[in-house]
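J.: Here you go, upload.pdb (PDB, C-alpha atoms):
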ATOM      1  CA  MET A   1      -1.661 -19.634   5.918
ATOM      2  CA  SER A   2      -3.273 -20.292   9.303
ATOM      3  CA  PRO A   3      -6.958 -19.521   9.941
ATOM      4  CA  ILE A   4      -7.370 -16.571  12.313
ATOM      5  CA  ILE A   5     -11.140 -16.078  12.105
ATOM      6  CA  THR A   6     -13.359 -19.168  11.927
ATOM      7  CA  VAL A   7     -17.148 -19.053  11.845
ATOM      8  CA  GLU A   8     -18.936 -22.407  11.688
ATOM      9  CA  ASN A   9     -22.635 -22.735  10.870
ATOM     10  CA  ILE A  10     -23.896 -19.842  12.990
ATOM     11  CA  TRP A  11     -27.544 -18.873  13.307
ATOM     12  CA  LYS A  12     -28.889 -15.638  14.779
ATOM     13  CA  SER A  13     -32.438 -14.439  15.302
ATOM     14  CA  PHE A  14     -34.077 -11.581  17.151
ATOM     15  CA  GLY A  15     -37.372 -12.881  18.413
ATOM     16  CA  LYS A  16     -39.218 -14.374  15.462
ATOM     17  CA  TYR A  17     -36.985 -12.584  12.928
ATOM     18  CA  SER A  18     -34.140 -14.687  11.559
ATOM     19  CA  ILE A  19     -31.096 -12.612  10.553
ATOM     20  CA  LEU A  20     -28.342 -15.153   9.766
ATOM     21  CA  GLU A  21     -28.750 -18.827   8.958
ATOM     22  CA  ASP A  22     -26.086 -21.536   8.799
ATOM     23  CA  LEU A  23     -23.340 -19.012   8.000
ATOM     24  CA  SER A  24     -19.714 -20.122   7.782
ATOM     25  CA  LEU A  25     -16.579 -18.077   7.116
ATOM     26  CA  GLN A  26     -12.817 -18.462   7.411
ATOM     27  CA  VAL A  27     -10.241 -15.680   7.193
ATOM     28  CA  ASP A  28      -6.564 -16.632   7.202
ATOM     29  CA  GLU A  29      -3.624 -14.553   8.374
ATOM     30  CA  GLY A  30      -2.603 -11.889   5.879
ATOM     31  CA  LEU A  31      -6.057 -11.787   4.241
ATOM     32  CA  VAL A  32      -8.357  -8.791   3.836
ATOM     33  CA  TYR A  33     -11.944 -10.028   3.509
ATOM     34  CA  GLY A  34     -14.589  -7.772   1.989
ATOM     35  CA  LEU A  35     -18.118  -7.976   3.422
ATOM     36  CA  VAL A  36     -20.850  -6.543   1.199
ATOM     37  CA  GLY A  37     -24.599  -6.345   1.683
ATOM     38  CA  LEU A  38     -27.593  -4.054   1.524
ATOM     39  CA  ASN A  39     -28.844  -2.259   4.620
ATOM     40  CA  GLY A  40     -30.453  -4.825   6.892
ATOM     41  CA  ALA A  41     -28.652  -7.777   5.311
ATOM     42  CA  GLY A  42     -26.917  -8.659   8.589
ATOM     43  CA  LYS A  43     -23.415  -7.176   8.217
ATOM     44  CA  THR A  44     -23.495  -5.335  11.540
ATOM     45  CA  THR A  45     -25.059  -8.325  13.272
ATOM     46  CA  LEU A  46     -22.231 -10.535  12.020
ATOM     47  CA  LEU A  47     -19.594  -8.063  13.213
ATOM     48  CA  ARG A  48     -21.268  -7.805  16.623
ATOM     49  CA  LEU A  49     -21.175 -11.597  16.892
ATOM     50  CA  LEU A  50     -17.467 -11.579  16.041
ATOM     51  CA  LEU A  51     -16.858  -8.917  18.687
ATOM     52  CA  GLY A  52     -18.766 -10.783  21.387
ATOM     53  CA  ASN A  53     -21.467  -8.102  21.599
ATOM     54  CA  LEU A  54     -24.026 -10.706  20.571
ATOM     55  CA  ARG A  55     -24.209 -14.450  21.122
ATOM     56  CA  ALA A  56     -25.043 -16.810  18.265
ATOM     57  CA  ASP A  57     -28.124 -19.001  18.720
ATOM     58  CA  ARG A  58     -26.219 -21.911  17.211
ATOM     59  CA  GLY A  59     -22.791 -22.523  15.743
ATOM     60  CA  LYS A  60     -19.229 -21.725  16.730
ATOM     61  CA  ILE A  61     -16.954 -18.686  16.426
ATOM     62  CA  SER A  62     -13.207 -18.779  17.058
ATOM     63  CA  ILE A  63     -10.904 -15.777  16.673
ATOM     64  CA  ARG A  64      -7.244 -16.427  17.395
ATOM     65  CA  GLY A  65      -8.455 -19.381  19.452
ATOM     66  CA  PHE A  66     -10.819 -17.238  21.543
ATOM     67  CA  ASN A  67     -14.577 -17.523  21.817
ATOM     68  CA  PRO A  68     -15.686 -13.855  21.620
ATOM     69  CA  TRP A  69     -18.636 -14.461  23.957
ATOM     70  CA  GLU A  70     -16.227 -15.283  26.801
ATOM     71  CA  HIS A  71     -15.112 -11.629  26.751
ATOM     72  CA  ARG A  72     -11.475 -12.328  27.579
ATOM     73  CA  GLU A  73      -9.186  -9.345  28.076
ATOM     74  CA  GLU A  74      -6.503 -10.959  25.895
ATOM     75  CA  PHE A  75      -9.036 -11.273  23.083
ATOM     76  CA  TYR A  76      -9.925  -7.590  23.040
ATOM     77  CA  ARG A  77      -6.300  -6.473  23.345
ATOM     78  CA  GLY A  78      -5.617  -8.256  20.060
ATOM     79  CA  LEU A  79      -8.409  -6.495  18.138
ATOM     80  CA  GLY A  80      -8.595  -3.323  16.062
ATOM     81  CA  VAL A  81     -12.094  -2.017  15.419
ATOM     82  CA  VAL A  82     -13.826   0.762  13.488
ATOM     83  CA  LEU A  83     -17.574   0.965  14.140
ATOM     84  CA  GLU A  84     -20.343   3.472  13.459
ATOM     85  CA  HIS A  85     -19.855   5.120  16.848
ATOM     86  CA  ASP A  86     -16.256   6.236  17.299
ATOM     87  CA  GLY A  87     -16.145   5.675  21.080
ATOM     88  CA  PHE A  88     -13.903   8.679  21.766
ATOM     89  CA  TRP A  89     -14.207  11.046  24.703
ATOM     90  CA  GLY A  90     -15.267  14.293  23.055
ATOM     91  CA  ASN A  91     -13.752  16.549  25.711
ATOM     92  CA  LEU A  92     -10.275  15.043  25.225
ATOM     93  CA  THR A  93      -7.761  15.566  22.422
ATOM     94  CA  VAL A  94      -6.728  12.863  19.981
ATOM     95  CA  ARG A  95      -3.520  12.140  21.914
ATOM     96  CA  GLU A  96      -5.331  12.011  25.237
ATOM     97  CA  ASN A  97      -7.816   9.513  23.835
ATOM     98  CA  LEU A  98      -5.069   7.379  22.302
ATOM     99  CA  SER A  99      -3.166   7.263  25.589
ATOM    100  CA  ILE A 100      -6.238   5.817  27.322
ATOM    101  CA  TYR A 101      -6.745   3.159  24.655
ATOM    102  CA  ALA A 102      -3.027   2.349  24.591
ATOM    103  CA  ALA A 103      -3.054   1.752  28.341
ATOM    104  CA  ALA A 104      -6.118  -0.495  27.980
ATOM    105  CA  LYS A 105      -4.261  -2.544  25.378
ATOM    106  CA  GLY A 106      -1.097  -2.807  27.449
ATOM    107  CA  ILE A 107       0.832  -0.498  25.116
ATOM    108  CA  SER A 108       3.228   1.957  26.725
ATOM    109  CA  ALA A 109       2.882   5.690  26.206
ATOM    110  CA  ALA A 110       6.253   5.726  24.416
ATOM    111  CA  GLU A 111       5.168   2.961  22.028
ATOM    112  CA  ALA A 112       1.894   4.742  21.305
ATOM    113  CA  GLU A 113       3.640   8.036  20.582
ATOM    114  CA  SER A 114       6.190   6.291  18.365
ATOM    115  CA  TYR A 115       3.386   4.690  16.345
ATOM    116  CA  PHE A 116       1.527   7.998  16.095
ATOM    117  CA  ALA A 117       4.636   9.873  14.956
ATOM    118  CA  GLU A 118       5.748   7.237  12.429
ATOM    119  CA  TYR A 119       2.428   6.533  10.755
ATOM    120  CA  TRP A 120       0.327   9.665  11.304
ATOM    121  CA  LYS A 121       2.720  12.616  11.258
ATOM    122  CA  ASP A 122       1.542  13.782   7.818
ATOM    123  CA  THR A 123      -2.179  13.682   8.654
ATOM    124  CA  ASP A 124      -4.627  16.314   9.887
ATOM    125  CA  ILE A 125      -4.955  14.774  13.312
ATOM    126  CA  PHE A 126      -1.267  14.546  14.257
ATOM    127  CA  ASN A 127      -0.768  18.141  15.376
ATOM    128  CA  SER A 128      -4.373  18.801  16.358
ATOM    129  CA  LYS A 129      -4.852  20.346  19.806
ATOM    130  CA  LYS A 130      -8.636  20.389  19.455
ATOM    131  CA  LYS A 131     -10.963  18.345  21.569
ATOM    132  CA  VAL A 132     -12.292  15.464  19.500
ATOM    133  CA  LYS A 133     -15.858  16.825  19.594
ATOM    134  CA  TYR A 134     -14.685  19.819  17.530
ATOM    135  CA  LEU A 135     -13.096  17.746  14.767
ATOM    136  CA  SER A 136     -14.753  17.230  11.400
ATOM    137  CA  ARG A 137     -16.481  13.963  10.563
ATOM    138  CA  GLY A 138     -13.568  12.913   8.361
ATOM    139  CA  GLN A 139     -11.034  13.736  11.077
ATOM    140  CA  LYS A 140     -13.015  11.694  13.611
ATOM    141  CA  MET A 141     -12.915   8.767  11.197
ATOM    142  CA  GLN A 142      -9.133   9.170  10.941
ATOM    143  CA  CYS A 143      -8.982   9.037  14.748
ATOM    144  CA  ALA A 144     -10.963   5.792  14.726
ATOM    145  CA  ILE A 145      -8.663   4.283  12.107
ATOM    146  CA  CYS A 146      -5.596   5.434  14.053
ATOM    147  CA  ARG A 147      -6.903   3.719  17.199
ATOM    148  CA  ALA A 148      -7.794   0.529  15.268
ATOM    149  CA  PHE A 149      -4.221   0.028  14.035
ATOM    150  CA  LEU A 150      -2.625   1.023  17.352
ATOM    151  CA  GLY A 151      -0.317  -1.810  18.403
ATOM    152  CA  TRP A 152      -0.770  -3.499  14.997
ATOM    153  CA  PRO A 153      -3.361  -6.069  16.138
ATOM    154  CA  LYS A 154      -3.622  -9.382  14.297
ATOM    155  CA  VAL A 155      -7.388  -9.034  13.804
ATOM    156  CA  LEU A 156      -9.241  -5.971  12.531
ATOM    157  CA  PHE A 157     -12.954  -5.397  11.952
ATOM    158  CA  LEU A 158     -13.537  -2.221   9.944
ATOM    159  CA  ASP A 159     -17.129  -1.137   9.355
ATOM    160  CA  GLU A 160     -17.505   1.542   6.649
ATOM    161  CA  PRO A 161     -13.996   2.862   7.393
ATOM    162  CA  VAL A 162     -13.722   5.286   4.451
ATOM    163  CA  VAL A 163     -16.927   7.243   5.027
ATOM    164  CA  ALA A 164     -16.161  10.997   4.985
ATOM    165  CA  LEU A 165     -12.444  10.537   4.219
ATOM    166  CA  ASP A 166     -10.905  12.942   1.718
ATOM    167  CA  ILE A 167      -8.596  11.591  -0.975
ATOM    168  CA  THR A 168      -5.440  12.007   1.109
ATOM    169  CA  ALA A 169      -6.940  10.282   4.143
ATOM    170  CA  TYR A 170      -8.356   7.558   1.872
ATOM    171  CA  ASP A 171      -4.908   6.807   0.438
ATOM    172  CA  HIS A 172      -3.432   6.796   3.932
ATOM    173  CA  PHE A 173      -6.038   4.284   5.088
ATOM    174  CA  CYS A 174      -5.140   2.003   2.177
ATOM    175  CA  ARG A 175      -1.456   2.138   3.161
ATOM    176  CA  MET A 176      -2.321   1.226   6.752
ATOM    177  CA  VAL A 177      -4.380  -1.766   5.620
ATOM    178  CA  ARG A 178      -1.582  -3.021   3.382
ATOM    179  CA  GLU A 179       0.973  -2.588   6.166
ATOM    180  CA  ALA A 180      -1.176  -4.639   8.547
ATOM    181  CA  ARG A 181      -1.912  -7.258   5.887
ATOM    182  CA  ASP A 182       1.775  -7.668   5.096
ATOM    183  CA  GLY A 183       2.378  -8.132   8.814
ATOM    184  CA  GLY A 184       0.003 -11.098   8.856
ATOM    185  CA  ALA A 185      -3.184  -9.478  10.163
ATOM    186  CA  ALA A 186      -6.600 -10.890   9.252
ATOM    187  CA  MET A 187      -9.128  -8.179   8.411
ATOM    188  CA  ILE A 188     -12.793  -7.862   7.566
ATOM    189  CA  ILE A 189     -13.841  -4.643   5.829
ATOM    190  CA  SER A 190     -17.598  -4.077   5.631
ATOM    191  CA  SER A 191     -18.645  -1.417   3.149
ATOM    192  CA  HIS A 192     -21.140  -0.348   0.490
ATOM    193  CA  GLN A 193     -18.255   1.230  -1.438
ATOM    194  CA  MET A 194     -17.150  -1.314  -4.031
ATOM    195  CA  GLU A 195     -14.051   0.715  -4.879
ATOM    196  CA  ILE A 196     -12.425   0.112  -1.498
ATOM    197  CA  ILE A 197     -13.597  -3.519  -1.371
ATOM    198  CA  ASN A 198     -12.154  -4.128  -4.823
ATOM    199  CA  LYS A 199      -8.932  -2.307  -4.101
ATOM    200  CA  LEU A 200      -7.976  -3.996  -0.843
ATOM    201  CA  CYS A 201      -9.813  -7.289  -0.429
ATOM    202  CA  GLY A 202      -8.466 -10.653  -1.511
ATOM    203  CA  ARG A 203     -11.837 -12.369  -0.966
ATOM    204  CA  ILE A 204     -15.352 -10.963  -1.013
ATOM    205  CA  GLY A 205     -18.564 -12.249   0.567
ATOM    206  CA  VAL A 206     -22.057 -10.928  -0.113
ATOM    207  CA  LEU A 207     -24.712 -11.199   2.602
ATOM    208  CA  ARG A 208     -28.115 -11.862   1.088
ATOM    209  CA  ASP A 209     -31.229 -13.660   2.301
ATOM    210  CA  LYS A 210     -29.522 -14.567   5.631
ATOM    211  CA  HIS A 211     -26.662 -16.355   3.888
ATOM    212  CA  LEU A 212     -23.121 -15.466   2.822
ATOM    213  CA  VAL A 213     -22.400 -15.889  -0.892
ATOM    214  CA  GLU A 214     -18.685 -15.769  -1.648
ATOM    215  CA  LEU A 215     -17.639 -14.354  -5.004
ATOM    216  CA  ASN A 216     -15.047 -16.148  -7.076
ATOM    217  CA  ARG A 217     -12.528 -13.347  -7.357
ATOM    218  CA  GLU A 218     -10.668 -15.031 -10.173
ATOM    219  CA  ARG A 219     -13.749 -15.434 -12.345
ATOM    220  CA  CYS A 220     -14.622 -11.807 -11.716
ATOM    221  CA  SER A 221     -11.191 -10.653 -12.841
ATOM    222  CA  GLN A 222     -11.127  -8.307 -15.827
ATOM    223  CA  TRP A 223      -7.884  -7.348 -17.527
ATOM    224  CA  ALA A 224      -6.696  -4.870 -20.135
ATOM    225  CA  VAL A 225      -3.756  -5.127 -22.524
ATOM    226  CA  VAL A 226      -2.693  -1.981 -24.322
ATOM    227  CA  THR A 227      -1.445  -2.740 -27.839
ATOM    228  CA  ASP A 228      -2.687  -2.488 -31.432
ATOM    229  CA  ASP A 229      -5.928  -4.034 -32.694
ATOM    230  CA  SER A 230      -4.531  -6.952 -34.718
ATOM    231  CA  PRO A 231      -6.976  -9.910 -34.827
ATOM    232  CA  GLN A 232      -3.930 -12.085 -34.106
ATOM    233  CA  TRP A 233      -3.781 -10.766 -30.553
ATOM    234  CA  LYS A 234      -7.479 -11.497 -30.022
ATOM    235  CA  SER A 235      -6.855 -15.073 -31.127
ATOM    236  CA  LEU A 236      -4.014 -15.463 -28.606
ATOM    237  CA  ILE A 237      -6.154 -14.011 -25.814
ATOM    238  CA  GLU A 238      -8.869 -16.523 -26.653
ATOM    239  CA  LYS A 239      -6.391 -19.419 -26.674
ATOM    240  CA  THR A 240      -5.174 -18.416 -23.211
ATOM    241  CA  GLY A 241      -8.720 -18.490 -21.854
ATOM    242  CA  GLY A 242      -9.867 -14.897 -22.327
ATOM    243  CA  LEU A 243     -13.636 -14.313 -22.426
ATOM    244  CA  ASN A 244     -15.884 -11.419 -23.493
ATOM    245  CA  ILE A 245     -13.022  -9.874 -25.465
ATOM    246  CA  ILE A 246     -13.477  -6.363 -26.834
ATOM    247  CA  TYR A 247     -11.159  -3.757 -28.345
ATOM    248  CA  ASP A 248     -11.783  -0.080 -27.612
ATOM    249  CA  GLY A 249      -8.265   1.333 -27.911
ATOM    250  CA  TYR A 250      -6.906  -1.633 -25.975
ATOM    251  CA  TRP A 251      -7.975  -5.222 -25.388
ATOM    252  CA  ARG A 252     -10.336  -5.854 -22.464
ATOM    253  CA  PHE A 253     -11.249  -9.356 -21.397
ATOM    254  CA  GLU A 254     -12.207 -11.548 -18.439
ATOM    255  CA  ILE A 255     -10.032 -14.497 -17.521
ATOM    256  CA  ASP A 256     -10.026 -17.363 -15.038
ATOM    257  CA  HIS A 257      -6.952 -18.128 -12.881
ATOM    258  CA  PRO A 258      -5.062 -14.947 -13.834
ATOM    259  CA  GLU A 259      -2.058 -15.850 -11.649
ATOM    260  CA  THR A 260      -1.067 -18.422 -14.292
ATOM    261  CA  ALA A 261      -3.011 -17.276 -17.360
ATOM    262  CA  ILE A 262      -1.712 -13.691 -17.528
ATOM    263  CA  PRO A 263       2.025 -14.610 -17.526
ATOM    264  CA  GLU A 264       1.253 -17.228 -20.174
ATOM    265  CA  LEU A 265      -0.623 -14.676 -22.266
ATOM    266  CA  ILE A 266       2.149 -12.076 -22.034
ATOM    267  CA  SER A 267       4.732 -14.680 -23.045
ATOM    268  CA  SER A 268       2.615 -15.734 -26.034
ATOM    269  CA  LEU A 269       2.052 -12.151 -27.178
ATOM    270  CA  VAL A 270       5.724 -11.195 -26.907
ATOM    271  CA  SER A 271       6.817 -14.378 -28.729
ATOM    272  CA  ALA A 272       4.413 -13.502 -31.538
ATOM    273  CA  GLY A 273       5.990 -10.051 -31.902
ATOM    274  CA  CYS A 274       3.331  -8.046 -30.073
ATOM    275  CA  ARG A 275       4.518  -4.715 -28.653
ATOM    276  CA  ILE A 276       2.764  -4.500 -25.282
ATOM    277  CA  ARG A 277       2.569  -0.995 -23.837
ATOM    278  CA  GLU A 278       0.669  -1.848 -20.648
ATOM    279  CA  VAL A 279      -1.022  -4.732 -18.830
ATOM    280  CA  ARG A 280      -3.390  -3.951 -15.981
ATOM    281  CA  GLN A 281      -6.157  -5.497 -13.958
ATOM    282  CA  GLU A 282      -9.580  -3.836 -13.861
ATOM    283  CA  ARG A 283     -11.395  -5.724 -11.128
ATOM    284  CA  ASP A 284     -13.729  -2.920 -10.149
ATOM    285  CA  ILE A 285     -16.074  -3.288 -13.114
ATOM    286  CA  ALA A 286     -16.301  -7.064 -12.909
ATOM    287  CA  ILE A 287     -16.636  -7.264  -9.112
ATOM    288  CA  GLY A 288     -19.238  -4.493  -9.087
ATOM    289  CA  ASP A 289     -21.201  -6.261 -11.792
ATOM    290  CA  ALA A 290     -21.016  -9.534  -9.869
ATOM    291  CA  VAL A 291     -22.419  -7.909  -6.716
ATOM    292  CA  ARG A 292     -25.112  -6.106  -8.673
ATOM    293  CA  GLY A 293     -25.946  -9.417 -10.315
ATOM    294  CA  ILE A 294     -26.708 -10.826  -6.856
ATOM    295  CA  TYR A 295     -28.537  -7.770  -5.521
ATOM    296  CA  GLY A 296     -30.063  -6.231  -8.605
ATOM    297  CA  ASN A 297     -28.066  -2.982  -8.280
ATOM    298  CA  GLY A 298     -29.748  -1.580  -5.171
ATOM    299  CA  GLY A 299     -27.616   0.292  -2.660
ATOM    300  CA  ILE A 300     -24.198  -0.778  -3.951
ATOM    301  CA  SER A 301     -21.836   1.976  -5.082
ATOM    302  CA  ALA A 302     -19.378   1.326  -7.883
TER     303      ALA A 302
END
Represent the supplied structure as structure tokens.
T.:
Amino acid sequence: MSPIITVENIWKSFGKYSILEDLSLQVDEGLVYGLVGLNGAGKTTLLRLLLGNLRADRGKISIRGFNPWEHREEFYRGLGVVLEHDGFWGNLTVRENLSIYAAAKGISAAEAESYFAEYWKDTDIFNSKKKVKYLSRGQKMQCAICRAFLGWPKVLFLDEPVVALDITAYDHFCRMVREARDGGAAMIISSHQMEIINKLCGRIGVLRDKHLVELNRERCSQWAVVTDDSPQWKSLIEKTGGLNIIYDGYWRFEIDHPETAIPELISSLVSAGCRIREVRQERDIAIGDAVRGIYGNGGISA
């Protein structure tokens, strides 16, 4: 995979207050990167640097070969963004707003309407005739997400994108992210909600004490195998590299390098006569614990 977002040793201060120090990050095409951190950790500052809203004191940022601080039109046309402020004209409808943004991105009205009809026809906002200022908070967030994916940009920065979404809108957002990821987009999702980070992100970084600590997703991987409680199966899980093994109706364990270890484990269990009813990954518990281990549990939602 090719690197789309490259951050090299950046520093950022406001006056005498240092916010980020010697921070580096790389996001390749087709990767969803999760950015986690307590309030004030520097998540928004980092996103503003990536957008060219702020300039780093030191270091280098390259996004699709562009320096964000140069504020090139081609750079912004290739971005999809969800920020705290939605940036919509309240006195216009959803469609009227989208037509303005489509024109700014060089997307024809026909292309914009085709995208809207194909990917948003089953949502609350598709048939809405209301001015945006009269929409609910969740509907405004859907509008922001709709605009972000307009034209299927190759880079997306999504800051707390699931706030106020109901379960249907939440599932729709997940489908949009996967569609963009499968199309080769590089994405950064910043959120306090570990569920969405765990569900969508292939790599996760935690901002703490001005630095970015990247979690080893493989080591944080927890799995479950549904079968009977024979000690023989525990022994095979251990031989394959399973750790912290417990049985509470099914086997739960943590394992390193699951992409090779899990197929090996399944093969060993089946060869030994084990009747496996289900195998599933349960990353949410392990990833949440890993983040809480760094932060001490404050402000991070499981």
J.: For the PyMOL selection byres ((chain A and resi 228-239) around 7), applied here, can you spell out every residue it catches as number ranges by chain?
T.: A: 227, 240-243, 247, 250, 265, 269
J.: Those selected residues, please, written with C-alpha atoms and delivered as a short mmCIF file (atom, residue, chain, number, x, y, z; two decimals), keeping the file's coordinate frame.
T.:
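As written to disk, selection-v5.cif reads:
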data_model
loop_
_atom_site.label_atom_id
_atom_site.label_comp_id
_atom_site.auth_asym_id
_atom_site.auth_seq_id
_atom_site.Cartn_x
_atom_site.Cartn_y
_atom_site.Cartn_z
CA THR A 227 -1.44 -2.74 -27.84
CA THR A 240 -5.17 -18.42 -23.21
CA GLY A 241 -8.72 -18.49 -21.85
CA GLY A 242 -9.87 -14.90 -22.33
CA LEU A 243 -13.64 -14.31 -22.43
CA TYR A 247 -11.16 -3.76 -28.34
CA TYR A 250 -6.91 -1.63 -25.98
CA LEU A 265 -0.62 -14.68 -22.27
CA LEU A 269 2.05 -12.15 -27.18
#
J.: Separation of CA of Val94 (chain A) and CA of Lys129 (chain A), in Å?
T.: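 Result for CA of Val94 (chain A) versus CA of Lys129 (chain A): 7.7 Å, one decimal.
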J.: Report the closest atom pair, with its distance in Å rounded to one decimal, for each residue of region 47-143 of chain A that has an atom no farther than 10 Å from region 182-202 of chain A; count all atoms listed in the file, sort by chain and then rising residue number, and write it as JSON lines.
T.:
{"residue": "A:Leu47", "atom": "CA", "partner": "A:Ser190", "partner_atom": "CA", "distance": 8.8}
{"residue": "A:Ile63", "atom": "CA", "partner": "A:Ala186", "partner_atom": "CA", "distance": 9.9}
{"residue": "A:Arg64", "atom": "CA", "partner": "A:Ala186", "partner_atom": "CA", "distance": 9.9}
{"residue": "A:Leu79", "atom": "CA", "partner": "A:Met187", "partner_atom": "CA", "distance": 9.9}
{"residue": "A:Gly80", "atom": "CA", "partner": "A:Met187", "partner_atom": "CA", "distance": 9.1}
{"residue": "A:Val81", "atom": "CA", "partner": "A:Met187", "partner_atom": "CA", "distance": 9.8}
{"residue": "A:Val82", "atom": "CA", "partner": "A:Ile189", "partner_atom": "CA", "distance": 9.4}
{"residue": "A:Leu83", "atom": "CA", "partner": "A:Ser190", "partner_atom": "CA", "distance": 9.9}
J.: Counting all atoms listed in the file, what is within 12 Å of Glu70 (chain A), bar same-chain residues fewer than 2 positions away, as a ChimeraX atom specification?
T.: /A:49-55,61-63,65-68,72-76
J.: Put those residues in a file: C-alpha atoms, as a PDB file, in the frame of the given file.
T.:
ATOM      1  CA  LEU A  49     -21.175 -11.597  16.892  1.00  0.00           C
ATOM      2  CA  LEU A  50     -17.467 -11.579  16.041  1.00  0.00           C
ATOM      3  CA  LEU A  51     -16.858  -8.917  18.687  1.00  0.00           C
ATOM      4  CA  GLY A  52     -18.766 -10.783  21.387  1.00  0.00           C
ATOM      5  CA  ASN A  53     -21.467  -8.102  21.599  1.00  0.00           C
ATOM      6  CA  LEU A  54     -24.026 -10.706  20.571  1.00  0.00           C
ATOM      7  CA  ARG A  55     -24.209 -14.450  21.122  1.00  0.00           C
ATOM      8  CA  ILE A  61     -16.954 -18.686  16.426  1.00  0.00           C
ATOM      9  CA  SER A  62     -13.207 -18.779  17.058  1.00  0.00           C
ATOM     10  CA  ILE A  63     -10.904 -15.777  16.673  1.00  0.00           C
ATOM     11  CA  GLY A  65      -8.455 -19.381  19.452  1.00  0.00           C
ATOM     12  CA  PHE A  66     -10.819 -17.238  21.543  1.00  0.00           C
ATOM     13  CA  ASN A  67     -14.577 -17.523  21.817  1.00  0.00           C
ATOM     14  CA  PRO A  68     -15.686 -13.855  21.620  1.00  0.00           C
ATOM     15  CA  ARG A  72     -11.475 -12.328  27.579  1.00  0.00           C
ATOM     16  CA  GLU A  73      -9.186  -9.345  28.076  1.00  0.00           C
ATOM     17  CA  GLU A  74      -6.503 -10.959  25.895  1.00  0.00           C
ATOM     18  CA  PHE A  75      -9.036 -11.273  23.083  1.00  0.00           C
ATOM     19  CA  TYR A  76      -9.925  -7.590  23.040  1.00  0.00           C
TER      20      TYR A  76
END
J.: Exactly which residues make up the result of the PyMOL selection byres ((chain A and resi 137) around 12) on this file, given as a VMD selection string?
T.: chain A and resid 84 to 86 125 132 to 136 138 to 144 161 to 166
J.: How would you write, as JSON, numbers by chain, the residues chosen by the PyMOL selection byres ((chain A and resi 7) around 10) on this structure?
T.: {"A": [5, 6, 8, 9, 10, 22, 23, 24, 25, 26, 27, 46, 49, 50, 59, 60, 61, 62, 63]}
J.: Need the shell around Trp223 (chain A): protein/DNA/RNA residues with any atom at most 10 Å away, counting all atoms listed in the file. Skip same-chain ones fewer than 6 positions apart. Format as a list of chain:residue names?
T.: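 Selected residues are A:Gly242, A:Ile245, A:Trp251, A:Arg252, A:Phe253, A:Glu254, A:Ile255, A:Pro258, A:Ile262, A:Val279, A:Arg280, A:Gln281, A:Glu282, A:Arg283, A:Ala286.
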J.: For Glu214 (chain A), list every protein, DNA or RNA residue within 7 Å, evaluated using all atoms listed in the file, and leave out those in the same chain fewer than 5 positions away; present the list as an NGL selection string.
T.: :A and (204-206)
J.: Please, what distance in Å, to one decimal, runs between CA of Lys210 (chain A) and CA of Phe157 (chain A)?
T.: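 Taking CA of Lys210 (chain A) as the start and CA of Phe157 (chain A) as the end point, the length is 20.0 Å.
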J.: Report as AutoDock Vina command-line options the centre and the edge lengths, in Å to one decimal, of the axis-aligned box holding every listed atom of region 138-150 of chain A, padded by 6 Å on each side.
T.:
--center_x -8.1 --center_y 6.9 --center_z 12.9 --size_x 22.9 --size_y 25.7 --size_z 21.0
J.: Separation of CA of Phe126 (chain A) and CA of Asn97 (chain A), in Å?
T.: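 Computing the Euclidean distance for CA of Phe126 (chain A) and CA of Asn97 (chain A) yields 12.6 Å.
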J.: Please work out which residues fall within 9 Å of (0.7, 4.7, 19.5), coordinates as given in the file, with only C-alpha atoms counting, and return them as a ChimeraX atom specification.
T.: /A:95,98-99,102,107-117,146-147,149-151
J.: With distances taken over only C-alpha atoms, which of A:Ala103, A:Leu38, A:Ile246, A:Leu207 is nearest to Ala224 (chain A)?
T.: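 Nearest to Ala224 (chain A): A:Ile246.
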